[in-house]
Every structure is written in C-alpha cells, then in structure tokens.
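The next block is work-v9.cif, given as mmCIF, C-alpha atoms.
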```
data_coords
#
loop_
_atom_site.label_atom_id
_atom_site.label_comp_id
_atom_site.auth_asym_id
_atom_site.auth_seq_id
_atom_site.Cartn_x
_atom_site.Cartn_y
_atom_site.Cartn_z
CA MET U 328 -15.85 2.22 10.09
CA ARG U 329 -13.16 4.04 8.17
CA LEU U 330 -11.11 3.72 5.05
CA THR U 331 -7.41 4.39 5.59
CA LYS U 332 -5.89 7.84 5.17
CA PHE U 333 -3.88 6.28 2.37
CA THR U 334 -7.05 5.60 0.38
CA ASP U 335 -8.46 9.04 1.20
CA TYR U 336 -5.25 10.76 0.03
CA SER U 337 -4.93 8.54 -3.04
CA LEU U 338 -8.40 9.60 -4.15
CA ARG U 339 -7.56 13.26 -3.59
CA VAL U 340 -4.26 13.10 -5.45
CA LEU U 341 -5.90 11.43 -8.44
CA MET U 342 -8.82 13.86 -8.40
CA TYR U 343 -6.51 16.86 -8.26
CA ALA U 344 -4.46 15.51 -11.16
CA ALA U 345 -7.68 14.78 -13.10
CA MET U 346 -8.82 18.38 -12.58
CA HIS U 347 -5.58 19.59 -14.15
CA GLU U 348 -5.14 17.14 -16.97
CA ASP U 349 -3.60 19.74 -19.25
CA ARG U 350 -0.45 20.25 -17.17
CA LEU U 351 1.89 18.64 -14.67
CA VAL U 352 0.95 19.13 -11.05
CA THR U 353 3.48 19.10 -8.24
CA ILE U 354 3.66 17.35 -4.90
CA GLU U 355 3.97 20.78 -3.26
CA GLU U 356 0.76 22.25 -4.64
CA THR U 357 -1.16 19.00 -4.05
CA ALA U 358 0.02 18.99 -0.43
CA GLU U 359 -0.85 22.65 0.04
CA ILE U 360 -4.31 22.62 -1.52
CA ASN U 361 -5.25 19.48 0.41
CA ALA U 362 -3.57 20.51 3.67
CA ILE U 363 -1.73 17.19 3.74
CA SER U 364 1.97 16.90 4.58
CA ARG U 365 4.37 16.83 1.65
CA ALA U 366 5.72 13.49 2.90
CA HIS U 367 2.28 11.88 2.78
CA VAL U 368 1.58 13.16 -0.71
CA LYS U 369 4.98 11.96 -1.90
CA LYS U 370 4.36 8.47 -0.56
CA VAL U 371 0.94 8.33 -2.22
CA VAL U 372 2.26 9.70 -5.54
CA MET U 373 5.08 7.15 -5.58
CA SER U 374 2.64 4.32 -4.94
CA LEU U 375 0.15 5.52 -7.57
CA THR U 376 3.00 5.90 -10.07
CA ARG U 377 4.18 2.38 -9.35
CA GLN U 378 0.65 1.10 -9.92
CA GLY U 379 0.45 2.87 -13.26
CA TYR U 380 -2.12 5.53 -12.37
CA LEU U 381 0.30 8.46 -12.50
CA ARG U 382 3.23 9.33 -14.71
CA GLY U 383 6.00 11.48 -13.30
CA GLN U 384 8.44 13.84 -14.91
CA ARG U 385 11.63 14.63 -13.06
CA GLY U 386 13.49 17.90 -13.01
CA ARG U 387 12.96 21.50 -12.08
CA SER U 388 9.72 21.94 -13.96
CA GLY U 389 8.71 18.35 -13.28
CA GLY U 390 5.63 16.98 -11.62
CA PHE U 391 3.07 14.30 -12.24
CA THR U 392 0.02 13.72 -14.36
CA LEU U 393 -2.55 10.98 -14.84
CA ALA U 394 -1.14 8.09 -16.87
CA MET U 395 -4.60 7.34 -18.27
CA HIS U 396 -7.93 9.04 -18.81
CA PRO U 397 -10.03 9.43 -15.62
CA SER U 398 -12.69 7.23 -17.20
CA GLN U 399 -10.15 4.39 -17.25
CA ILE U 400 -9.52 4.52 -13.51
CA ASN U 401 -12.03 2.22 -11.85
CA LEU U 402 -12.62 3.26 -8.25
CA GLY U 403 -13.36 -0.25 -6.99
CA LYS U 404 -10.07 -1.55 -8.34
CA LEU U 405 -8.32 1.48 -6.88
CA ILE U 406 -9.58 1.08 -3.31
CA ARG U 407 -8.81 -2.64 -3.41
CA GLN U 408 -5.22 -1.59 -4.13
CA THR U 409 -4.98 1.24 -1.62
CA GLU U 410 -6.68 -0.47 1.35
CA PRO U 411 -4.19 -2.75 3.12
CA ASP U 412 -7.02 -5.15 3.93
CA PHE U 413 -10.77 -5.45 4.35
CA ARG U 414 -10.68 -7.42 7.58
CA LEU U 415 -13.76 -5.89 9.09
CA VAL U 416 -13.53 -8.15 12.12
CA GLU U 417 -10.90 -10.51 13.51
CA CYS U 418 -12.30 -13.64 11.89
CA LEU U 419 -11.67 -12.26 8.39
CA GLY U 420 -7.93 -12.02 9.10
CA PRO U 421 -5.16 -14.60 9.24
CA ASP U 422 -4.82 -14.49 13.05
CA ASN U 423 -8.40 -15.42 13.81
CA ALA U 424 -8.70 -16.90 17.28
CA CYS U 425 -12.42 -16.42 17.79
CA ALA U 426 -13.88 -19.47 19.51
CA LEU U 427 -17.28 -18.88 17.98
CA THR U 428 -16.08 -19.33 14.40
CA PRO U 429 -17.31 -22.94 13.98
CA VAL U 430 -20.91 -21.93 14.76
CA CYS U 431 -20.92 -18.40 13.40
CA ARG U 432 -22.47 -17.16 10.19
CA LEU U 433 -21.22 -13.61 10.57
CA PRO U 434 -18.18 -14.01 8.28
CA ARG U 435 -20.37 -14.73 5.27
CA MET U 436 -22.56 -11.71 6.10
CA MET U 437 -19.46 -9.55 6.47
CA LYS U 438 -18.19 -10.71 3.10
CA ARG U 439 -21.53 -10.04 1.46
CA ALA U 440 -21.71 -6.57 3.02
CA LEU U 441 -18.18 -5.85 1.87
CA ALA U 442 -18.95 -7.02 -1.66
CA ALA U 443 -22.01 -4.73 -1.71
CA PHE U 444 -19.82 -1.85 -0.53
CA VAL U 445 -17.08 -2.32 -3.11
CA ALA U 446 -19.62 -2.97 -5.89
CA VAL U 447 -20.71 0.67 -5.69
CA PHE U 448 -17.15 1.76 -6.46
CA ASP U 449 -16.73 -0.94 -9.09
CA ALA U 450 -19.52 0.80 -10.98
CA HIS U 451 -17.69 4.12 -11.09
CA THR U 452 -14.54 5.65 -12.46
CA LEU U 453 -12.53 8.69 -11.44
CA ALA U 454 -14.36 10.60 -14.15
CA ASP U 455 -17.62 10.09 -12.26
CA ALA U 456 -16.07 11.53 -9.12
CA ILE U 457 -15.35 14.96 -10.51
CA THR U 458 -17.91 17.44 -11.67
CA GLY U 459 -15.54 19.04 -14.15
CA LYS U 460 -12.38 21.08 -14.41
CA VAL U 461 -12.27 23.92 -11.96
CA THR U 462 -9.80 26.44 -10.68
CA LEU U 463 -8.41 25.15 -7.41
CA MET Q 1215 -11.37 -1.05 6.25
CA ARG Q 1216 -12.29 -2.25 9.69
CA LEU Q 1217 -15.16 -2.22 12.11
CA THR Q 1218 -14.16 -1.26 15.65
CA LYS Q 1219 -13.15 -3.85 18.23
CA PHE Q 1220 -16.16 -2.63 20.17
CA THR Q 1221 -18.50 -3.86 17.41
CA ASP Q 1222 -16.58 -7.12 17.04
CA TYR Q 1223 -16.78 -7.81 20.79
CA SER Q 1224 -20.43 -6.73 21.00
CA LEU Q 1225 -21.32 -9.30 18.36
CA ARG Q 1226 -19.38 -12.00 20.18
CA VAL Q 1227 -20.93 -11.23 23.56
CA LEU Q 1228 -24.43 -11.33 22.11
CA MET Q 1229 -23.71 -14.52 20.19
CA TYR Q 1230 -22.29 -16.23 23.25
CA ALA Q 1231 -25.34 -15.22 25.28
CA ALA Q 1232 -27.63 -16.40 22.47
CA MET Q 1233 -25.91 -19.79 22.48
CA HIS Q 1234 -26.66 -20.15 26.17
CA GLU Q 1235 -30.14 -18.75 26.35
CA ASP Q 1236 -31.17 -21.18 29.06
CA ARG Q 1237 -28.82 -19.78 31.71
CA LEU Q 1238 -26.94 -16.72 32.88
CA VAL Q 1239 -23.48 -16.34 31.43
CA THR Q 1240 -20.69 -14.47 33.20
CA ILE Q 1241 -18.23 -11.81 32.14
CA GLU Q 1242 -15.43 -14.16 33.19
CA GLU Q 1243 -16.41 -17.07 30.96
CA THR Q 1244 -17.19 -14.77 28.02
CA ALA Q 1245 -13.76 -13.17 28.40
CA GLU Q 1246 -12.03 -16.53 28.66
CA ILE Q 1247 -13.75 -18.29 25.75
CA ASN Q 1248 -13.19 -15.29 23.50
CA ALA Q 1249 -9.66 -14.51 24.71
CA ILE Q 1250 -10.69 -10.92 25.34
CA SER Q 1251 -9.76 -9.04 28.51
CA ARG Q 1252 -12.33 -9.00 31.31
CA ALA Q 1253 -12.31 -5.19 31.22
CA HIS Q 1254 -13.26 -5.10 27.55
CA VAL Q 1255 -16.08 -7.60 28.02
CA LYS Q 1256 -17.37 -5.66 31.04
CA LYS Q 1257 -17.47 -2.42 29.05
CA VAL Q 1258 -19.31 -4.10 26.19
CA VAL Q 1259 -21.78 -5.87 28.52
CA MET Q 1260 -22.55 -2.60 30.33
CA SER Q 1261 -23.17 -0.85 27.04
CA LEU Q 1262 -25.37 -3.64 25.64
CA THR Q 1263 -27.32 -3.72 28.91
CA ARG Q 1264 -27.87 0.04 28.73
CA GLN Q 1265 -29.12 -0.36 25.16
CA GLY Q 1266 -31.57 -3.05 26.22
CA TYR Q 1267 -29.96 -6.03 24.51
CA LEU Q 1268 -28.81 -7.73 27.72
CA ARG Q 1269 -30.33 -8.10 31.16
CA GLY Q 1270 -28.01 -8.49 34.13
CA GLN Q 1271 -28.46 -10.17 37.46
CA ARG Q 1272 -26.21 -9.08 40.28
CA GLY Q 1273 -24.82 -11.22 43.05
CA ARG Q 1274 -22.66 -14.26 43.53
CA SER Q 1275 -24.47 -16.43 41.05
CA GLY Q 1276 -25.24 -13.47 38.82
CA GLY Q 1277 -24.46 -12.93 35.18
CA PHE Q 1278 -26.22 -11.71 32.11
CA THR Q 1279 -28.61 -13.02 29.52
CA LEU Q 1280 -30.27 -11.75 26.35
CA ALA Q 1281 -33.10 -9.34 27.14
CA MET Q 1282 -34.96 -10.42 24.01
CA HIS Q 1283 -35.07 -13.30 21.55
CA PRO Q 1284 -32.12 -13.41 19.09
CA SER Q 1285 -34.59 -12.98 16.24
CA GLN Q 1286 -35.50 -9.58 17.68
CA ILE Q 1287 -31.94 -8.27 17.56
CA ASN Q 1288 -31.43 -6.65 14.17
CA LEU Q 1289 -27.77 -6.64 13.23
CA GLY Q 1290 -27.96 -3.44 11.17
CA LYS Q 1291 -29.45 -1.52 14.07
CA LEU Q 1292 -26.84 -3.05 16.36
CA ILE Q 1293 -23.78 -2.04 14.35
CA ARG Q 1294 -25.18 1.46 13.90
CA GLN Q 1295 -25.20 1.65 17.70
CA THR Q 1296 -21.82 0.08 18.32
CA GLU Q 1297 -19.83 1.88 15.61
CA PRO Q 1298 -18.84 5.35 16.83
CA ASP Q 1299 -19.20 6.67 13.29
CA PHE Q 1300 -19.18 5.68 9.64
CA ARG Q 1301 -16.91 8.48 8.45
CA LEU Q 1302 -15.17 6.47 5.79
CA VAL Q 1303 -13.17 9.51 4.67
CA GLU Q 1304 -12.57 12.98 6.07
CA CYS Q 1305 -15.32 14.68 4.09
CA LEU Q 1306 -18.00 12.60 5.81
CA GLY Q 1307 -17.00 13.99 9.21
CA PRO Q 1308 -17.62 17.31 10.93
CA ASP Q 1309 -14.03 18.55 10.51
CA ASN Q 1310 -13.92 18.28 6.75
CA ALA Q 1311 -11.26 20.58 5.31
CA CYS Q 1312 -10.89 18.93 1.92
CA ALA Q 1313 -10.54 21.62 -0.74
CA LEU Q 1314 -11.98 19.35 -3.41
CA THR Q 1315 -15.38 19.04 -1.71
CA PRO Q 1316 -17.19 21.60 -3.92
CA VAL Q 1317 -16.36 19.66 -7.07
CA CYS Q 1318 -16.32 16.12 -5.70
CA ARG Q 1319 -18.96 13.44 -6.10
CA LEU Q 1320 -17.20 10.92 -3.89
CA PRO Q 1321 -19.24 11.65 -0.74
CA ARG Q 1322 -22.44 10.52 -2.39
CA MET Q 1323 -20.73 7.34 -3.63
CA MET Q 1324 -19.35 6.72 -0.15
CA LYS Q 1325 -22.81 7.13 1.35
CA ARG Q 1326 -24.32 4.78 -1.22
CA ALA Q 1327 -21.61 2.18 -0.58
CA LEU Q 1328 -22.16 2.50 3.16
CA ALA Q 1329 -25.91 2.10 2.77
CA ALA Q 1330 -25.34 -1.04 0.68
CA PHE Q 1331 -23.02 -2.37 3.39
CA VAL Q 1332 -25.39 -1.78 6.29
CA ALA Q 1333 -28.40 -3.04 4.28
CA VAL Q 1334 -26.93 -6.55 4.39
CA PHE Q 1335 -26.99 -6.44 8.19
CA ASP Q 1336 -30.40 -4.78 8.25
CA ALA Q 1337 -31.71 -7.92 6.59
CA HIS Q 1338 -30.45 -10.17 9.38
CA THR Q 1339 -30.91 -10.78 13.07
CA LEU Q 1340 -28.71 -12.35 15.69
CA ALA Q 1341 -30.66 -15.57 15.16
CA ASP Q 1342 -29.33 -15.72 11.59
CA ALA Q 1343 -25.77 -15.40 12.86
CA ILE Q 1344 -25.73 -18.58 14.90
CA THR Q 1345 -26.09 -22.05 13.55
CA GLY Q 1346 -27.62 -23.34 16.77
CA LYS Q 1347 -26.88 -24.04 20.40
CA VAL Q 1348 -23.56 -25.69 20.91
CA THR Q 1349 -21.25 -26.54 23.75
CA LEU Q 1350 -18.62 -23.85 23.98
#
```
Just give me the structure of the file as structure tokens.
Amino acid sequence: MRLTKFTDYSLRVLMYAAMHEDRLVTIEETAEINAISRAHVKKVVMSLTRQGYLRGQRGRSGGFTLAMHPSQINLGKLIRQTEPDFRLVECLGPDNACALTPVCRLPRMMKRALAAFVAVFDAHTLADAITGKVTL
Amino acid sequence: MRLTKFTDYSLRVLMYAAMHEDRLVTIEETAEINAISRAHVKKVVMSLTRQGYLRGQRGRSGGFTLAMHPSQINLGKLIRQTEPDFRLVECLGPDNACALTPVCRLPRMMKRALAAFVAVFDAHTLADAITGKVTL
C-alpha cells in the first residue's frame, strides 16, 4: 500500500517551506535538497499554490512561501487533495466489475479502514510534522 | 492510495471458495466469474495454498477449497501477507534518502495511520466478509 509520489512530494515541499518561513524558498533548492527533479517540484508547487497553500513571487529573487501558518494546514485535508483517489480495491472505483459485490461486505470494511487511516492525519497539522526550524 | 491487485484477487479467491465450501472450485471458474486472467488466479491460488489458506486437489476433477473455516481466516493477517509492503512514503522504506527525515514527525503519523487501517481488518475474518452462500 502506497501513497502517490505526488502526496509524498507535496508534504516535503510544504515542510521545507515551513522550515524556512522567514524567507522565500526556490524550486531549485527544494529539488536539490530533496533529490527530486525540478520538474516534479514545479508541478507540486504549482498545484499547492493553486490550492492556496503556497504563495509565489515571480522574478529573479522570487520563490515561494507558505500562504498560511503551518498550524492552519490540516494534513488530512491535504492528502485528500493530493491523492487522486482512495480506491483501495476495484469495487471502490467507478469501473467495478467484481461479481462478488452483491454478497460482499469488504467495501464497508475498506471504507472504515480508510476513514481510520485519514482520521490520524485529520488530527494533525503541518506544524505537528516538523520538530522546529533547522538548517537544511 | 491502493492495495495491490494481488491483495484484491486474494480476497476474491478466498471469498469465492468460502461461498462454495461444499465442493472444490476450479481456477477456470474463479477466473471467469471474476473476469481475471487464469494466470493471475493461478498465481494467487498457489500463493494462498503455500500459506495454508487453500488446499488443492490435483487431477481431472481437481480444484481447490478452503483449508480452514472462513471464521479462522483473519483479514488483517491476510493483507499483511499479500501486500508486498506498507511503505506509504519513501521514508518508510529501506532506500530512504529524504533530507527532512531528521526533523520530520511524519513517519510516526504514517505508522499510526497504517496501524489504524490494519486494525479494522484485524477485527474481522473472512466469515464477516460474506453475507452467506449464494449462487454465483
């Protein structure tokens, strides 16, 4: 079971920005420190900006910064936005063709398990994810 | 977030066998009713037999059947066996290169969320997953 790379990278980008709240950070340094391609970071930053988590500043000395305090970024809400879906198994998706569906109670278990999973993140913000500002 | 197809198919194979406890079922019929390739079903059946969930009978009128009562098959234990790993994000795997790891509290949240997820299945057996014997 995995979360998408997009969620993984979104969390890292936000954490890195949160660790450097006092200045703009750049796509280049975020890519370098995380050993992620510049293209991936750019895509994630654009998406997080669109969703209101980051604020960008164009230009030569531009970059991005958190658009809100880390304590205002709920992690459950975030991963619901960054994960394309939570279709753990086929029957939770729109193209379900499983013949067992009419007699199967697994979907409700899957949904309960998923709710229990996301609830842990619902109870935390980005501020809880970082131990403090550090030099990275 | 997804479970592997291998887990999905393992659950279906076991459920189908549980619905027909009174006879041997075949790879062919399981493949057909579930619209899964014969090769996939065979791989899953071999693995579940190796793990002691199924018992096979060779020969012309052969097939497989549950090796134990559905109420003895714990779903949490099962998905721990069928999922290759639960490395939700890079830092939970052996090749973690994330630079934020020393200052990051996400791994413990991820592990807690995962434990909450699997706990739902730990509380249920295959018997809970089926509503009864039906004609399929």
Box in all listed atoms of range 425-438 of chain U, axis-aligned, with 4 Å more on each side; write out centre and edge lengths in Å to one decimal as JSON.
```
{"center_x": -17.5, "center_y": -16.2, "center_z": 11.3, "size_x": 18.1, "size_y": 21.4, "size_z": 24.4}
```
Check which residues of chain Q sit at most 6 Å from chain U using all atoms listed in the file, and return one row each with the closest pair of atoms and their distance in Å to one decimal, ordered by chain and rising number, as JSON lines.
```
{"residue": "Q:Met1215", "atom": "CA", "partner": "U:Phe413", "partner_atom": "CA", "distance": 4.8}
{"residue": "Q:Arg1216", "atom": "CA", "partner": "U:Leu415", "partner_atom": "CA", "distance": 4.0}
{"residue": "Q:Leu1217", "atom": "CA", "partner": "U:Met328", "partner_atom": "CA", "distance": 4.9}
{"residue": "Q:Asp1222", "atom": "CA", "partner": "U:Val416", "partner_atom": "CA", "distance": 5.9}
{"residue": "Q:Asn1248", "atom": "CA", "partner": "U:Ala426", "partner_atom": "CA", "distance": 5.8}
{"residue": "Q:Phe1300", "atom": "CA", "partner": "U:Met328", "partner_atom": "CA", "distance": 4.8}
{"residue": "Q:Arg1301", "atom": "CA", "partner": "U:Arg329", "partner_atom": "CA", "distance": 5.8}
{"residue": "Q:Leu1302", "atom": "CA", "partner": "U:Arg329", "partner_atom": "CA", "distance": 4.0}
{"residue": "Q:Val1303", "atom": "CA", "partner": "U:Asp335", "partner_atom": "CA", "distance": 5.9}
{"residue": "Q:Cys1312", "atom": "CA", "partner": "U:Asn361", "partner_atom": "CA", "distance": 5.9}
{"residue": "Q:Ala1313", "atom": "CA", "partner": "U:Asn361", "partner_atom": "CA", "distance": 5.8}
{"residue": "Q:Val1317", "atom": "CA", "partner": "U:Thr458", "partner_atom": "CA", "distance": 5.3}
{"residue": "Q:Cys1318", "atom": "CA", "partner": "U:Ile457", "partner_atom": "CA", "distance": 5.0}
{"residue": "Q:Arg1319", "atom": "CA", "partner": "U:Ala456", "partner_atom": "CA", "distance": 4.6}
{"residue": "Q:Leu1320", "atom": "CA", "partner": "U:Ala456", "partner_atom": "CA", "distance": 5.4}
{"residue": "Q:Ala1327", "atom": "CA", "partner": "U:Phe444", "partner_atom": "CA", "distance": 4.4}
{"residue": "Q:Ala1330", "atom": "CA", "partner": "U:Ala443", "partner_atom": "CA", "distance": 5.5}
{"residue": "Q:Phe1331", "atom": "CA", "partner": "U:Ala440", "partner_atom": "CA", "distance": 4.4}
{"residue": "Q:Val1334", "atom": "CA", "partner": "U:Ala440", "partner_atom": "CA", "distance": 5.4}
{"residue": "Q:Ala1343", "atom": "CA", "partner": "U:Arg432", "partner_atom": "CA", "distance": 4.6}
{"residue": "Q:Ile1344", "atom": "CA", "partner": "U:Cys431", "partner_atom": "CA", "distance": 5.0}
{"residue": "Q:Thr1345", "atom": "CA", "partner": "U:Val430", "partner_atom": "CA", "distance": 5.3}
```
For the residues in that selection, give me C-alpha atoms as a PDB file, in the frame of the given file.
```pdb
ATOM      1  CA  MET Q1215     -11.370  -1.050   6.250  1.00  0.00           C
ATOM      2  CA  ARG Q1216     -12.290  -2.250   9.690  1.00  0.00           C
ATOM      3  CA  LEU Q1217     -15.160  -2.220  12.110  1.00  0.00           C
ATOM      4  CA  ASP Q1222     -16.580  -7.120  17.040  1.00  0.00           C
ATOM      5  CA  ASN Q1248     -13.190 -15.290  23.500  1.00  0.00           C
ATOM      6  CA  PHE Q1300     -19.180   5.680   9.640  1.00  0.00           C
ATOM      7  CA  ARG Q1301     -16.910   8.480   8.450  1.00  0.00           C
ATOM      8  CA  LEU Q1302     -15.170   6.470   5.790  1.00  0.00           C
ATOM      9  CA  VAL Q1303     -13.170   9.510   4.670  1.00  0.00           C
ATOM     10  CA  CYS Q1312     -10.890  18.930   1.920  1.00  0.00           C
ATOM     11  CA  ALA Q1313     -10.540  21.620  -0.740  1.00  0.00           C
ATOM     12  CA  VAL Q1317     -16.360  19.660  -7.070  1.00  0.00           C
ATOM     13  CA  CYS Q1318     -16.320  16.120  -5.700  1.00  0.00           C
ATOM     14  CA  ARG Q1319     -18.960  13.440  -6.100  1.00  0.00           C
ATOM     15  CA  LEU Q1320     -17.200  10.920  -3.890  1.00  0.00           C
ATOM     16  CA  ALA Q1327     -21.610   2.180  -0.580  1.00  0.00           C
ATOM     17  CA  ALA Q1330     -25.340  -1.040   0.680  1.00  0.00           C
ATOM     18  CA  PHE Q1331     -23.020  -2.370   3.390  1.00  0.00           C
ATOM     19  CA  VAL Q1334     -26.930  -6.550   4.390  1.00  0.00           C
ATOM     20  CA  ALA Q1343     -25.770 -15.400  12.860  1.00  0.00           C
ATOM     21  CA  ILE Q1344     -25.730 -18.580  14.900  1.00  0.00           C
ATOM     22  CA  THR Q1345     -26.090 -22.050  13.550  1.00  0.00           C
TER      23      THR Q1345
END
```
Report, in Å with one decimal, the straight-line distance from CA of Ala1245 in chain Q to CA of His1283 in chain Q.
22.4 Å
Result of fitting chain Q on chain U (Cα atoms paired in order), as a JSON list (two decimals) with C-alpha atoms, in the coordinates of the input:
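Output file superposed_31.json follows:
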```
[["chain", "number", "residue", "atom", "x", "y", "z"],
["Q", 1215, "MET", "CA", -15.83, 2.23, 10.11],
["Q", 1216, "ARG", "CA", -13.15, 4.03, 8.18],
["Q", 1217, "LEU", "CA", -11.11, 3.72, 5.05],
["Q", 1218, "THR", "CA", -7.40, 4.38, 5.57],
["Q", 1219, "LYS", "CA", -5.90, 7.84, 5.16],
["Q", 1220, "PHE", "CA", -3.87, 6.28, 2.37],
["Q", 1221, "THR", "CA", -7.05, 5.61, 0.37],
["Q", 1222, "ASP", "CA", -8.46, 9.04, 1.18],
["Q", 1223, "TYR", "CA", -5.26, 10.77, 0.02],
["Q", 1224, "SER", "CA", -4.93, 8.54, -3.06],
["Q", 1225, "LEU", "CA", -8.39, 9.61, -4.17],
["Q", 1226, "ARG", "CA", -7.57, 13.27, -3.60],
["Q", 1227, "VAL", "CA", -4.26, 13.10, -5.47],
["Q", 1228, "LEU", "CA", -5.90, 11.43, -8.45],
["Q", 1229, "MET", "CA", -8.81, 13.87, -8.42],
["Q", 1230, "TYR", "CA", -6.50, 16.86, -8.26],
["Q", 1231, "ALA", "CA", -4.47, 15.50, -11.17],
["Q", 1232, "ALA", "CA", -7.68, 14.79, -13.11],
["Q", 1233, "MET", "CA", -8.80, 18.39, -12.60],
["Q", 1234, "HIS", "CA", -5.57, 19.60, -14.15],
["Q", 1235, "GLU", "CA", -5.14, 17.15, -16.96],
["Q", 1236, "ASP", "CA", -3.61, 19.75, -19.23],
["Q", 1237, "ARG", "CA", -0.46, 20.25, -17.14],
["Q", 1238, "LEU", "CA", 1.89, 18.65, -14.66],
["Q", 1239, "VAL", "CA", 0.94, 19.13, -11.04],
["Q", 1240, "THR", "CA", 3.48, 19.10, -8.22],
["Q", 1241, "ILE", "CA", 3.66, 17.35, -4.88],
["Q", 1242, "GLU", "CA", 3.97, 20.77, -3.25],
["Q", 1243, "GLU", "CA", 0.76, 22.23, -4.63],
["Q", 1244, "THR", "CA", -1.17, 19.00, -4.03],
["Q", 1245, "ALA", "CA", 0.03, 18.99, -0.42],
["Q", 1246, "GLU", "CA", -0.85, 22.65, 0.06],
["Q", 1247, "ILE", "CA", -4.32, 22.62, -1.51],
["Q", 1248, "ASN", "CA", -5.25, 19.49, 0.42],
["Q", 1249, "ALA", "CA", -3.59, 20.50, 3.69],
["Q", 1250, "ILE", "CA", -1.75, 17.19, 3.76],
["Q", 1251, "SER", "CA", 1.95, 16.90, 4.58],
["Q", 1252, "ARG", "CA", 4.37, 16.81, 1.65],
["Q", 1253, "ALA", "CA", 5.70, 13.47, 2.90],
["Q", 1254, "HIS", "CA", 2.26, 11.87, 2.79],
["Q", 1255, "VAL", "CA", 1.57, 13.15, -0.72],
["Q", 1256, "LYS", "CA", 4.99, 11.95, -1.90],
["Q", 1257, "LYS", "CA", 4.33, 8.45, -0.56],
["Q", 1258, "VAL", "CA", 0.93, 8.32, -2.22],
["Q", 1259, "VAL", "CA", 2.25, 9.70, -5.54],
["Q", 1260, "MET", "CA", 5.08, 7.14, -5.58],
["Q", 1261, "SER", "CA", 2.64, 4.33, -4.93],
["Q", 1262, "LEU", "CA", 0.14, 5.50, -7.58],
["Q", 1263, "THR", "CA", 3.00, 5.90, -10.07],
["Q", 1264, "ARG", "CA", 4.18, 2.36, -9.34],
["Q", 1265, "GLN", "CA", 0.64, 1.10, -9.91],
["Q", 1266, "GLY", "CA", 0.44, 2.88, -13.25],
["Q", 1267, "TYR", "CA", -2.12, 5.53, -12.37],
["Q", 1268, "LEU", "CA", 0.30, 8.46, -12.49],
["Q", 1269, "ARG", "CA", 3.24, 9.32, -14.71],
["Q", 1270, "GLY", "CA", 6.02, 11.47, -13.28],
["Q", 1271, "GLN", "CA", 8.45, 13.83, -14.90],
["Q", 1272, "ARG", "CA", 11.63, 14.62, -13.03],
["Q", 1273, "GLY", "CA", 13.50, 17.88, -12.99],
["Q", 1274, "ARG", "CA", 12.98, 21.49, -12.05],
["Q", 1275, "SER", "CA", 9.75, 21.92, -13.92],
["Q", 1276, "GLY", "CA", 8.72, 18.34, -13.24],
["Q", 1277, "GLY", "CA", 5.61, 16.99, -11.62],
["Q", 1278, "PHE", "CA", 3.09, 14.30, -12.24],
["Q", 1279, "THR", "CA", 0.03, 13.73, -14.35],
["Q", 1280, "LEU", "CA", -2.56, 10.99, -14.85],
["Q", 1281, "ALA", "CA", -1.14, 8.10, -16.86],
["Q", 1282, "MET", "CA", -4.58, 7.35, -18.30],
["Q", 1283, "HIS", "CA", -7.93, 9.04, -18.82],
["Q", 1284, "PRO", "CA", -10.03, 9.44, -15.63],
["Q", 1285, "SER", "CA", -12.69, 7.24, -17.21],
["Q", 1286, "GLN", "CA", -10.17, 4.40, -17.26],
["Q", 1287, "ILE", "CA", -9.53, 4.53, -13.52],
["Q", 1288, "ASN", "CA", -12.04, 2.23, -11.85],
["Q", 1289, "LEU", "CA", -12.63, 3.27, -8.27],
["Q", 1290, "GLY", "CA", -13.37, -0.25, -7.01],
["Q", 1291, "LYS", "CA", -10.08, -1.55, -8.36],
["Q", 1292, "LEU", "CA", -8.34, 1.48, -6.89],
["Q", 1293, "ILE", "CA", -9.60, 1.09, -3.33],
["Q", 1294, "ARG", "CA", -8.83, -2.63, -3.42],
["Q", 1295, "GLN", "CA", -5.24, -1.58, -4.14],
["Q", 1296, "THR", "CA", -5.00, 1.23, -1.63],
["Q", 1297, "GLU", "CA", -6.69, -0.47, 1.33],
["Q", 1298, "PRO", "CA", -4.21, -2.74, 3.11],
["Q", 1299, "ASP", "CA", -7.02, -5.15, 3.91],
["Q", 1300, "PHE", "CA", -10.77, -5.45, 4.34],
["Q", 1301, "ARG", "CA", -10.67, -7.43, 7.58],
["Q", 1302, "LEU", "CA", -13.75, -5.88, 9.08],
["Q", 1303, "VAL", "CA", -13.51, -8.16, 12.13],
["Q", 1304, "GLU", "CA", -10.89, -10.51, 13.51],
["Q", 1305, "CYS", "CA", -12.29, -13.65, 11.90],
["Q", 1306, "LEU", "CA", -11.67, -12.27, 8.41],
["Q", 1307, "GLY", "CA", -7.93, -12.03, 9.10],
["Q", 1308, "PRO", "CA", -5.15, -14.61, 9.24],
["Q", 1309, "ASP", "CA", -4.82, -14.50, 13.04],
["Q", 1310, "ASN", "CA", -8.39, -15.42, 13.82],
["Q", 1311, "ALA", "CA", -8.68, -16.90, 17.30],
["Q", 1312, "CYS", "CA", -12.40, -16.41, 17.80],
["Q", 1313, "ALA", "CA", -13.85, -19.48, 19.52],
["Q", 1314, "LEU", "CA", -17.26, -18.88, 18.00],
["Q", 1315, "THR", "CA", -16.06, -19.32, 14.41],
["Q", 1316, "PRO", "CA", -17.29, -22.93, 13.99],
["Q", 1317, "VAL", "CA", -20.86, -21.94, 14.77],
["Q", 1318, "CYS", "CA", -20.90, -18.40, 13.41],
["Q", 1319, "ARG", "CA", -22.46, -17.17, 10.19],
["Q", 1320, "LEU", "CA", -21.21, -13.61, 10.57],
["Q", 1321, "PRO", "CA", -18.18, -14.00, 8.28],
["Q", 1322, "ARG", "CA", -20.36, -14.72, 5.29],
["Q", 1323, "MET", "CA", -22.56, -11.71, 6.10],
["Q", 1324, "MET", "CA", -19.46, -9.55, 6.48],
["Q", 1325, "LYS", "CA", -18.18, -10.70, 3.11],
["Q", 1326, "ARG", "CA", -21.54, -10.03, 1.48],
["Q", 1327, "ALA", "CA", -21.71, -6.56, 3.03],
["Q", 1328, "LEU", "CA", -18.17, -5.85, 1.87],
["Q", 1329, "ALA", "CA", -18.95, -7.01, -1.65],
["Q", 1330, "ALA", "CA", -22.01, -4.73, -1.71],
["Q", 1331, "PHE", "CA", -19.82, -1.84, -0.53],
["Q", 1332, "VAL", "CA", -17.09, -2.31, -3.12],
["Q", 1333, "ALA", "CA", -19.64, -2.96, -5.90],
["Q", 1334, "VAL", "CA", -20.73, 0.68, -5.68],
["Q", 1335, "PHE", "CA", -17.17, 1.77, -6.47],
["Q", 1336, "ASP", "CA", -16.75, -0.92, -9.11],
["Q", 1337, "ALA", "CA", -19.55, 0.81, -10.99],
["Q", 1338, "HIS", "CA", -17.70, 4.13, -11.10],
["Q", 1339, "THR", "CA", -14.55, 5.67, -12.46],
["Q", 1340, "LEU", "CA", -12.54, 8.69, -11.45],
["Q", 1341, "ALA", "CA", -14.36, 10.61, -14.18],
["Q", 1342, "ASP", "CA", -17.63, 10.09, -12.28],
["Q", 1343, "ALA", "CA", -16.07, 11.53, -9.13],
["Q", 1344, "ILE", "CA", -15.36, 14.97, -10.52],
["Q", 1345, "THR", "CA", -17.92, 17.44, -11.69],
["Q", 1346, "GLY", "CA", -15.53, 19.03, -14.17],
["Q", 1347, "LYS", "CA", -12.37, 21.07, -14.43],
["Q", 1348, "VAL", "CA", -12.26, 23.90, -11.99],
["Q", 1349, "THR", "CA", -9.78, 26.40, -10.69],
["Q", 1350, "LEU", "CA", -8.38, 25.10, -7.44]]
```
